[in-house]
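File shown: my_file03.txt. Contents: compact mmCIF, C-alpha atoms.
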# COMPACT_ATOMS: atom_id res chain seq x y z
CA MET Z 1 247.80 322.96 65.27
CA ASP Z 2 247.15 325.10 68.32
CA LYS Z 3 247.42 328.85 67.89
CA PRO Z 4 250.83 330.37 68.67
CA GLN Z 5 251.13 331.31 72.31
CA ASN Z 6 252.15 334.93 71.76
CA ASP Z 7 249.99 336.40 74.47
CA LYS Z 8 252.21 336.81 77.51
CA PHE Z 9 249.23 336.05 79.75
CA THR Z 10 248.49 332.73 78.02
CA LEU Z 11 249.67 329.86 80.19
CA SER Z 12 251.80 327.44 78.17
CA ILE Z 13 251.69 323.71 78.78
CA THR Z 14 255.18 323.68 80.31
CA GLU Z 15 254.08 326.40 82.76
CA SER Z 16 250.76 324.78 83.61
CA PRO Z 17 250.11 323.54 87.17
CA SER Z 18 251.32 320.06 87.99
CA GLU Z 19 248.79 317.24 87.94
CA LEU Z 20 250.04 316.33 91.42
CA GLU Z 21 249.11 318.14 94.62
CA ASN Z 22 250.82 318.53 98.01
CA LEU Z 23 254.16 317.16 96.90
CA GLU Z 24 255.76 318.02 100.23
CA LYS Z 25 253.34 315.65 101.98
CA MET Z 26 254.32 312.66 99.86
CA SER Z 27 256.72 309.98 101.04
CA VAL Z 28 259.99 309.42 99.18
CA GLY Z 29 258.50 306.30 97.62
CA GLU Z 30 255.43 308.18 96.42
CA LEU Z 31 257.58 310.95 94.94
CA VAL Z 32 259.91 308.72 92.97
CA SER Z 33 256.98 306.62 91.76
CA SER Z 34 255.13 309.75 90.63
CA ILE Z 35 258.18 311.14 88.83
CA ASN Z 36 258.76 307.79 87.13
CA LYS Z 37 255.15 307.63 86.00
CA GLN Z 38 255.37 311.12 84.53
CA ASP Z 39 258.68 310.31 82.82
CA SER Z 40 257.07 307.34 81.09
CA ARG Z 41 255.18 309.83 78.92
CA VAL Z 42 258.36 311.27 77.45
CA HIS Z 43 259.26 308.51 75.01
CA LEU Z 44 255.67 308.49 73.71
CA ALA Z 45 255.81 312.22 73.03
CA VAL Z 46 259.19 311.88 71.31
CA GLY Z 47 257.79 309.02 69.24
CA GLU Z 48 255.06 311.27 67.89
CA ALA Z 49 257.71 313.74 66.71
CA LEU Z 50 259.82 311.17 64.81
CA PRO Z 51 258.72 312.35 61.32
CA GLN Z 52 259.82 315.92 62.21
CA ILE Z 53 263.12 314.64 63.60
CA GLU Z 54 263.80 312.46 60.54
CA LYS Z 55 263.19 315.30 58.09
CA LEU Z 56 265.53 317.69 59.90
CA ILE Z 57 268.29 315.07 60.18
CA GLU Z 58 268.22 314.34 56.45
CA LEU Z 59 268.51 318.03 55.62
CA ILE Z 60 271.35 318.54 58.10
CA LEU Z 61 273.22 315.47 56.85
CA ASN Z 62 273.20 316.76 53.29
CA ARG Z 63 274.87 319.97 54.44
CA MET Z 64 277.34 318.41 56.85
CA CYS Z 65 278.64 316.07 54.18
CA ARG Z 66 279.63 319.24 52.31
CA GLY Z 67 281.37 320.82 55.29
CA GLY Z 68 278.47 322.27 57.26
CA ARG Z 69 278.19 322.56 61.02
CA ILE Z 70 275.42 322.51 63.63
CA PHE Z 71 274.89 325.35 66.07
CA TYR Z 72 272.63 324.91 69.09
CA LEU Z 73 271.04 327.98 70.67
CA GLY Z 74 269.50 327.81 74.13
CA ALA Z 75 269.18 329.37 77.56
CA GLY Z 76 269.15 327.79 81.02
CA THR Z 77 268.51 324.05 81.01
CA SER Z 78 267.94 323.99 77.24
CA GLY Z 79 271.22 325.76 76.60
CA ARG Z 80 273.13 323.44 78.91
CA LEU Z 81 271.72 320.39 77.13
CA GLY Z 82 272.90 321.73 73.78
CA VAL Z 83 276.40 322.39 75.11
CA LEU Z 84 276.42 318.92 76.70
CA ASP Z 85 275.48 317.17 73.47
CA ALA Z 86 278.06 319.12 71.47
CA SER Z 87 280.83 318.48 74.00
CA GLU Z 88 280.26 314.71 74.02
CA LEU Z 89 280.74 314.24 70.28
CA PRO Z 90 284.53 314.72 69.95
CA PRO Z 91 285.50 312.01 72.45
CA THR Z 92 282.76 309.64 71.30
CA PHE Z 93 283.14 309.96 67.54
CA GLY Z 94 286.57 311.55 67.07
CA VAL Z 95 285.23 314.68 65.37
CA PRO Z 96 286.57 318.22 65.92
CA ASP Z 97 284.84 320.39 68.52
CA THR Z 98 284.01 322.86 65.75
CA LEU Z 99 281.60 320.47 64.02
CA VAL Z 100 278.73 320.84 66.51
CA ILE Z 101 278.78 323.96 68.68
CA GLY Z 102 276.52 324.72 71.63
CA LEU Z 103 275.83 328.38 72.39
CA ILE Z 104 274.12 329.32 75.65
CA ALA Z 105 272.72 332.70 76.63
CA GLY Z 106 275.16 334.26 79.06
CA GLY Z 107 278.17 332.31 77.78
CA ASP Z 108 280.18 329.62 79.56
CA GLU Z 109 279.48 331.13 82.98
CA ALA Z 110 275.81 330.24 82.48
CA LEU Z 111 276.70 326.54 82.41
CA ARG Z 112 277.20 326.57 86.18
CA LYS Z 113 275.39 329.67 87.31
CA ALA Z 114 271.97 330.94 86.27
CA ILE Z 115 272.20 334.18 84.28
CA GLU Z 116 268.52 334.55 83.58
CA ALA Z 117 268.43 338.04 82.04
CA ALA Z 118 270.81 336.96 79.26
CA GLU Z 119 268.03 335.08 77.49
CA ASP Z 120 266.04 338.28 76.87
CA ASP Z 121 268.49 339.68 74.26
CA MET Z 122 267.07 339.14 70.76
CA GLU Z 123 270.30 340.08 68.96
CA GLN Z 124 273.03 338.34 70.97
CA ALA Z 125 272.71 334.87 69.44
CA TRP Z 126 273.09 336.19 65.90
CA LEU Z 127 276.17 338.21 66.90
CA GLU Z 128 277.68 335.04 68.36
CA LEU Z 129 276.92 333.13 65.17
CA LEU Z 130 278.55 335.84 63.06
CA GLU Z 131 281.66 335.61 65.25
CA ARG Z 132 281.87 331.96 64.18
CA SER Z 133 281.45 332.76 60.46
CA ILE Z 134 278.02 331.18 60.09
CA ASN Z 135 277.29 330.21 56.45
CA ILE Z 136 274.60 328.59 54.31
CA LEU Z 137 276.00 325.06 54.78
CA ASP Z 138 275.43 325.36 58.53
CA THR Z 139 272.32 324.55 60.56
CA VAL Z 140 270.97 326.42 63.58
CA ILE Z 141 268.80 324.49 66.04
CA GLY Z 142 267.03 326.46 68.73
CA ILE Z 143 266.32 324.59 71.97
CA ALA Z 144 263.58 326.14 74.10
CA ALA Z 145 261.11 324.18 76.21
CA SER Z 146 258.85 327.22 76.49
CA GLY Z 147 259.19 328.07 72.81
CA SER Z 148 259.42 331.77 73.57
CA THR Z 149 263.04 332.48 74.62
CA PRO Z 150 264.08 335.76 72.91
CA TYR Z 151 267.75 334.72 72.59
CA VAL Z 152 266.64 331.66 70.64
CA VAL Z 153 263.86 333.35 68.66
CA GLY Z 154 266.14 336.18 67.55
CA GLY Z 155 268.96 333.86 66.51
CA LEU Z 156 266.66 331.58 64.52
CA GLN Z 157 264.91 334.49 62.84
CA ARG Z 158 268.15 336.11 61.66
CA ALA Z 159 269.61 332.79 60.55
CA ARG Z 160 266.56 331.96 58.46
CA GLU Z 161 266.54 335.44 56.94
CA ASN Z 162 270.07 334.73 55.77
CA GLY Z 163 269.23 331.45 54.08
CA ILE Z 164 270.53 329.14 56.80
CA LEU Z 165 268.71 325.91 57.65
CA THR Z 166 266.86 326.29 60.95
CA GLY Z 167 265.18 323.82 63.28
CA CYS Z 168 264.03 323.85 66.87
CA ILE Z 169 263.16 321.58 69.77
CA THR Z 170 260.32 322.82 71.94
CA CYS Z 171 257.84 321.28 74.36
CA ASN Z 172 254.84 323.50 73.64
CA PRO Z 173 252.71 323.49 70.47
CA GLY Z 174 252.37 326.52 68.22
CA THR Z 175 255.12 328.67 69.76
CA ARG Z 176 257.11 331.61 68.46
CA VAL Z 177 260.25 329.46 68.21
CA ALA Z 178 258.40 326.91 66.06
CA GLU Z 179 257.02 329.74 63.96
CA VAL Z 180 260.42 331.21 63.08
CA ALA Z 181 262.20 327.85 62.62
CA GLU Z 182 261.79 326.29 59.20
CA TYR Z 183 261.70 322.74 60.59
CA PRO Z 184 260.29 322.67 64.13
CA ILE Z 185 260.29 319.62 66.38
CA GLU Z 186 257.50 319.81 68.96
CA VAL Z 187 257.64 317.27 71.79
CA VAL Z 188 254.67 317.97 74.06
CA VAL Z 189 255.24 316.14 77.34
CA GLY Z 190 252.61 317.94 79.44
CA PRO Z 191 252.91 319.77 82.77
CA GLU Z 192 255.90 319.03 84.98
CA VAL Z 193 255.81 317.30 88.36
CA VAL Z 194 257.02 320.56 89.87
CA SER Z 195 255.05 323.20 87.97
CA GLY Z 196 257.20 324.97 85.40
CA SER Z 197 260.41 323.05 86.17
CA THR Z 198 261.42 322.14 82.61
CA ARG Z 199 264.61 320.45 83.78
CA LEU Z 200 262.32 317.43 84.29
CA LYS Z 201 260.22 315.92 81.47
CA ALA Z 202 260.94 318.69 78.99
CA GLY Z 203 264.68 318.44 79.58
CA THR Z 204 264.59 314.66 79.22
CA ALA Z 205 262.68 314.96 75.95
CA GLN Z 206 265.12 317.53 74.57
CA LYS Z 207 268.09 315.33 75.47
CA MET Z 208 266.48 312.35 73.74
CA VAL Z 209 265.95 314.34 70.55
CA LEU Z 210 269.50 315.71 70.61
CA ASN Z 211 270.81 312.15 71.05
CA MET Z 212 268.83 311.04 68.00
CA ILE Z 213 269.99 313.90 65.82
CA THR Z 214 273.72 313.73 66.43
CA THR Z 215 274.03 309.96 66.85
CA THR Z 216 272.21 309.35 63.57
CA ILE Z 217 274.34 311.93 61.78
CA MET Z 218 277.59 310.48 63.15
CA ILE Z 219 276.57 306.97 62.06
CA LYS Z 220 275.65 308.13 58.56
CA MET Z 221 278.93 310.05 58.29
CA GLY Z 222 280.89 306.85 58.88
CA LYS Z 223 281.93 307.41 62.49
CA VAL Z 224 280.51 304.03 63.61
CA LYS Z 225 281.30 300.54 62.30
CA GLY Z 226 278.65 297.93 63.05
CA ASN Z 227 277.62 299.23 66.47
CA ARG Z 228 281.05 300.34 67.66
CA MET Z 229 282.64 303.72 68.31
CA VAL Z 230 285.63 303.10 66.06
CA ASN Z 231 286.58 306.79 65.96
CA MET Z 232 286.52 307.44 69.72
CA GLN Z 233 289.42 309.41 71.19
CA LEU Z 234 291.77 307.37 73.36
CA THR Z 235 291.65 309.82 76.24
CA ASN Z 236 291.84 307.35 79.14
CA GLU Z 237 292.72 303.76 79.94
CA LYS Z 238 289.09 302.62 79.82
CA LEU Z 239 288.78 303.75 76.20
CA VAL Z 240 292.13 302.21 75.27
CA ALA Z 241 290.92 298.93 76.74
CA ARG Z 242 287.63 299.22 74.83
CA GLY Z 243 289.45 299.87 71.58
CA THR Z 244 291.82 296.97 72.25
CA ARG Z 245 288.87 294.61 72.70
CA MET Z 246 287.36 295.82 69.42
CA LEU Z 247 290.55 295.02 67.53
CA MET Z 248 290.92 291.65 69.26
CA GLU Z 249 287.41 290.68 68.16
CA GLU Z 250 287.64 292.18 64.68
CA LEU Z 251 291.12 290.94 63.76
CA GLY Z 252 291.47 287.87 65.97
CA LEU Z 253 294.53 289.29 67.73
CA ASP Z 254 295.81 288.70 71.24
CA GLU Z 255 295.59 291.60 73.68
CA GLU Z 256 299.15 292.92 73.46
CA PRO Z 257 299.42 293.17 69.65
CA ALA Z 258 295.90 294.60 69.47
CA ARG Z 259 296.76 297.29 72.03
CA ASN Z 260 300.02 298.14 70.28
CA LEU Z 261 298.26 298.41 66.94
CA LEU Z 262 295.64 300.71 68.44
CA LEU Z 263 298.19 303.02 70.06
CA ILE Z 264 300.28 303.23 66.87
CA HIS Z 265 297.34 304.29 64.72
CA GLY Z 266 295.37 306.32 67.29
CA SER Z 267 291.92 304.87 66.66
CA VAL Z 268 290.19 301.59 65.93
CA LYS Z 269 289.17 302.78 62.49
CA ASN Z 270 292.70 303.79 61.50
CA ALA Z 271 294.06 300.50 62.80
CA LEU Z 272 291.53 298.49 60.80
CA GLU Z 273 292.24 300.48 57.64
CA ALA Z 274 295.98 299.97 58.08
CA GLN Z 275 295.52 296.21 58.45
CA LYS Z 276 293.27 296.13 55.39
CA LYS Z 277 295.91 297.90 53.28
CA GLN Z 278 298.55 295.39 54.37
CA LYS Z 279 296.43 292.54 53.06
CA ILE Z 280 295.87 294.13 49.66

Show me, as structure tokens, the structure contained in the file I just sent.
Amino acid sequence: MDKPQNDKFTLSITESPSELENLEKMSVGELVSSINKQDSRVHLAVGEALPQIEKLIELILNRMCRGGRIFYLGAGTSGRLGVLDASELPPTFGVPDTLVIGLIAGGDEALRKAIEAAEDDMEQAWLELLERSINILDTVIGIAASGSTPYVVGGLQRARENGILTGCITCNPGTRVAEVAEYPIEVVVGPEVVSGSTRLKAGTAQKMVLNMITTTIMIKMGKVKGNRMVNMQLTNEKLVARGTRMLMEELGLDEEPARNLLLIHGSVKNALEAQKKQKI
């Protein structure tokens, strides 16, 4: 493994100059083709990290089945991706919004407005975790493309010192974040199209890994039947219609009785369980 990039003058991969020159002189077609070509490297880099991802998921799953939670720590783009992943789980899988929690340096305001200095506080993340009664069944995952964000490093370090499972998602090898996390995930996607803009390949890679972690956990915790979101919240007409179709196909019902059954029980899973009990 490469040596940790602790020297502030060492140029990390995510900060390295783009492989492309004179972007402003390119046509629109050349730009989108170049970005697409660079993006094609992301799934290959994620593929190389699958053993790291698998190991962390299995450890998290063991804890969550006993009441544990996941906390994401991040700043800027990385922090927003963590909050995004956490916020999508309740409507998709019908879980409480306290099961997976995204914390971003600078708080909710940082979701829409850059608050760059907030990421330099080594103690803030741990204070925020303590406010949420962090415990040894929980998991803390630091998300930092650079692998050096103090907010993330400090939170991971204190969590690990207190016996809490820690992981990270970073896009540089041998970083401080990977050093302090017990189970690091390193997805090295190379320099960005726009030098240093980690909202591009690095952000895409981080989102892919987050998708894998939480989707796999939700499936293994029984929130999916077959390939269907049977626990989804019925928050709009589109989702009610989707749930109705599921019950029509699963139970052989016409649309109106399937819809009524869904609305009575509140979810596809509850409706199926109710029908199963009636037949016993």

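The space between CA of Glu15 in chain Z and CA of Lys207 in chain Z spans 19.3 Å.
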
If you count only C-alpha atoms, which residues fall within 10 Å of range 26-35 of chain Z, apart from same-chain ones fewer than 2 positions away, as a PyMOL selection string?
chain Z and resi 20-24+37-40+192-194+200-201

Produce a file of the selected residues containing C-alpha atoms, as a CSV table (one decimal), keeping the file's coordinate frame.
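Below is the file that was written, out.csv:
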chain,number,residue,atom,x,y,z
Z,20,LEU,CA,250.0,316.3,91.4
Z,21,GLU,CA,249.1,318.1,94.6
Z,22,ASN,CA,250.8,318.5,98.0
Z,23,LEU,CA,254.2,317.2,96.9
Z,24,GLU,CA,255.8,318.0,100.2
Z,37,LYS,CA,255.2,307.6,86.0
Z,38,GLN,CA,255.4,311.1,84.5
Z,39,ASP,CA,258.7,310.3,82.8
Z,40,SER,CA,257.1,307.3,81.1
Z,192,GLU,CA,255.9,319.0,85.0
Z,193,VAL,CA,255.8,317.3,88.4
Z,194,VAL,CA,257.0,320.6,89.9
Z,200,LEU,CA,262.3,317.4,84.3
Z,201,LYS,CA,260.2,315.9,81.5

Excluding same-chain residues fewer than 2 positions from Cys168 in chain Z, what lies within 8 Å of it counting only C-alpha atoms, as an mmCIF file with C-alpha atoms, in the coordinates of the input?
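Dumped to around.cif:
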data_model
loop_
_atom_site.group_PDB
_atom_site.id
_atom_site.type_symbol
_atom_site.label_atom_id
_atom_site.label_comp_id
_atom_site.auth_asym_id
_atom_site.auth_seq_id
_atom_site.Cartn_x
_atom_site.Cartn_y
_atom_site.Cartn_z
ATOM 1 C CA ILE Z 141 268.800 324.490 66.040
ATOM 2 C CA GLY Z 142 267.030 326.460 68.730
ATOM 3 C CA ILE Z 143 266.320 324.590 71.970
ATOM 4 C CA ALA Z 144 263.580 326.140 74.100
ATOM 5 C CA THR Z 166 266.860 326.290 60.950
ATOM 6 C CA THR Z 170 260.320 322.820 71.940
ATOM 7 C CA VAL Z 177 260.250 329.460 68.210
ATOM 8 C CA ALA Z 178 258.400 326.910 66.060
ATOM 9 C CA ALA Z 181 262.200 327.850 62.620
ATOM 10 C CA TYR Z 183 261.700 322.740 60.590
ATOM 11 C CA PRO Z 184 260.290 322.670 64.130
ATOM 12 C CA ILE Z 185 260.290 319.620 66.380
ATOM 13 C CA GLU Z 186 257.500 319.810 68.960
#

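Here CA of Gly74 in chain Z and CA of Ile104 in chain Z stand 5.1 Å from one another.
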
What is the CA of Asn172 in chain Z-CA of Asn36 in chain Z distance in Å, reported with one decimal?
21.1 Å

Would you compute the box with edges along x, y and z of the file around range 117-122 of chain Z, including every atom the file lists for it and 8 Å extra on each side, and give its centre and edge lengths in Å to one decimal, as JSON?
{"center_x": 268.4, "center_y": 337.4, "center_z": 76.4, "size_x": 20.8, "size_y": 20.6, "size_z": 27.3}

Local residues around (256.2, 310.1, 73.1), at most 12 Å away, using all atoms listed in the file, as a ChimeraX atom specification:
/Z:38-50,171,186-190,201-202,204-206,208-209

Please write the residues from the selection above to a file, keeping C-alpha atoms, as a PDB file, keeping the file's coordinate frame.
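Just written: selection-v2.pdb:
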ATOM      1  CA  GLN Z  38     255.370 311.120  84.530  1.00  0.00           C
ATOM      2  CA  ASP Z  39     258.680 310.310  82.820  1.00  0.00           C
ATOM      3  CA  SER Z  40     257.070 307.340  81.090  1.00  0.00           C
ATOM      4  CA  ARG Z  41     255.180 309.830  78.920  1.00  0.00           C
ATOM      5  CA  VAL Z  42     258.360 311.270  77.450  1.00  0.00           C
ATOM      6  CA  HIS Z  43     259.260 308.510  75.010  1.00  0.00           C
ATOM      7  CA  LEU Z  44     255.670 308.490  73.710  1.00  0.00           C
ATOM      8  CA  ALA Z  45     255.810 312.220  73.030  1.00  0.00           C
ATOM      9  CA  VAL Z  46     259.190 311.880  71.310  1.00  0.00           C
ATOM     10  CA  GLY Z  47     257.790 309.020  69.240  1.00  0.00           C
ATOM     11  CA  GLU Z  48     255.060 311.270  67.890  1.00  0.00           C
ATOM     12  CA  ALA Z  49     257.710 313.740  66.710  1.00  0.00           C
ATOM     13  CA  LEU Z  50     259.820 311.170  64.810  1.00  0.00           C
ATOM     14  CA  CYS Z 171     257.840 321.280  74.360  1.00  0.00           C
ATOM     15  CA  GLU Z 186     257.500 319.810  68.960  1.00  0.00           C
ATOM     16  CA  VAL Z 187     257.640 317.270  71.790  1.00  0.00           C
ATOM     17  CA  VAL Z 188     254.670 317.970  74.060  1.00  0.00           C
ATOM     18  CA  VAL Z 189     255.240 316.140  77.340  1.00  0.00           C
ATOM     19  CA  GLY Z 190     252.610 317.940  79.440  1.00  0.00           C
ATOM     20  CA  LYS Z 201     260.220 315.920  81.470  1.00  0.00           C
ATOM     21  CA  ALA Z 202     260.940 318.690  78.990  1.00  0.00           C
ATOM     22  CA  THR Z 204     264.590 314.660  79.220  1.00  0.00           C
ATOM     23  CA  ALA Z 205     262.680 314.960  75.950  1.00  0.00           C
ATOM     24  CA  GLN Z 206     265.120 317.530  74.570  1.00  0.00           C
ATOM     25  CA  MET Z 208     266.480 312.350  73.740  1.00  0.00           C
ATOM     26  CA  VAL Z 209     265.950 314.340  70.550  1.00  0.00           C
TER      27      VAL Z 209
END

Spatial neighbours of range 126-131 of chain Z, 12 Å, only C-alpha atoms, chain gap at least 6 places, as a PyMOL selection string:
chain Z and resi 69-73+101-107+138-142+150-162+164

Write out as a PDB file with C-alpha atoms, keeping the file's coordinate frame each polymer residue whose atoms come within 10 Å of range 239-250 of chain Z, counting only C-alpha atoms; drop sequence neighbours fewer than 6 positions from it.
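Dumped everything to out10.pdb:
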ATOM      1  CA  PRO Z  91     285.500 312.010  72.450  1.00  0.00           C
ATOM      2  CA  THR Z  92     282.760 309.640  71.300  1.00  0.00           C
ATOM      3  CA  ARG Z 228     281.050 300.340  67.660  1.00  0.00           C
ATOM      4  CA  MET Z 229     282.640 303.720  68.310  1.00  0.00           C
ATOM      5  CA  VAL Z 230     285.630 303.100  66.060  1.00  0.00           C
ATOM      6  CA  ASN Z 231     286.580 306.790  65.960  1.00  0.00           C
ATOM      7  CA  MET Z 232     286.520 307.440  69.720  1.00  0.00           C
ATOM      8  CA  GLN Z 233     289.420 309.410  71.190  1.00  0.00           C
ATOM      9  CA  GLU Z 256     299.150 292.920  73.460  1.00  0.00           C
ATOM     10  CA  PRO Z 257     299.420 293.170  69.650  1.00  0.00           C
ATOM     11  CA  ALA Z 258     295.900 294.600  69.470  1.00  0.00           C
ATOM     12  CA  ARG Z 259     296.760 297.290  72.030  1.00  0.00           C
ATOM     13  CA  ASN Z 260     300.020 298.140  70.280  1.00  0.00           C
ATOM     14  CA  LEU Z 261     298.260 298.410  66.940  1.00  0.00           C
ATOM     15  CA  LEU Z 262     295.640 300.710  68.440  1.00  0.00           C
ATOM     16  CA  LEU Z 263     298.190 303.020  70.060  1.00  0.00           C
ATOM     17  CA  GLY Z 266     295.370 306.320  67.290  1.00  0.00           C
ATOM     18  CA  SER Z 267     291.920 304.870  66.660  1.00  0.00           C
ATOM     19  CA  VAL Z 268     290.190 301.590  65.930  1.00  0.00           C
ATOM     20  CA  LYS Z 269     289.170 302.780  62.490  1.00  0.00           C
ATOM     21  CA  ALA Z 271     294.060 300.500  62.800  1.00  0.00           C
ATOM     22  CA  LEU Z 272     291.530 298.490  60.800  1.00  0.00           C
TER      23      LEU Z 272
END

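Using all atoms listed in the file, the smallest distance between any of Z:Phe93, Z:Gly147, Z:Ala117, Z:Asn135 and Gly222 in chain Z comes from Z:Phe93.
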
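Considering the residues Z:Gln278, Z:Met221, Z:Glu179, Z:Asp121 and counting all atoms listed in the file, Val95 in chain Z has its shortest atom-to-atom contact with Z:Met221.
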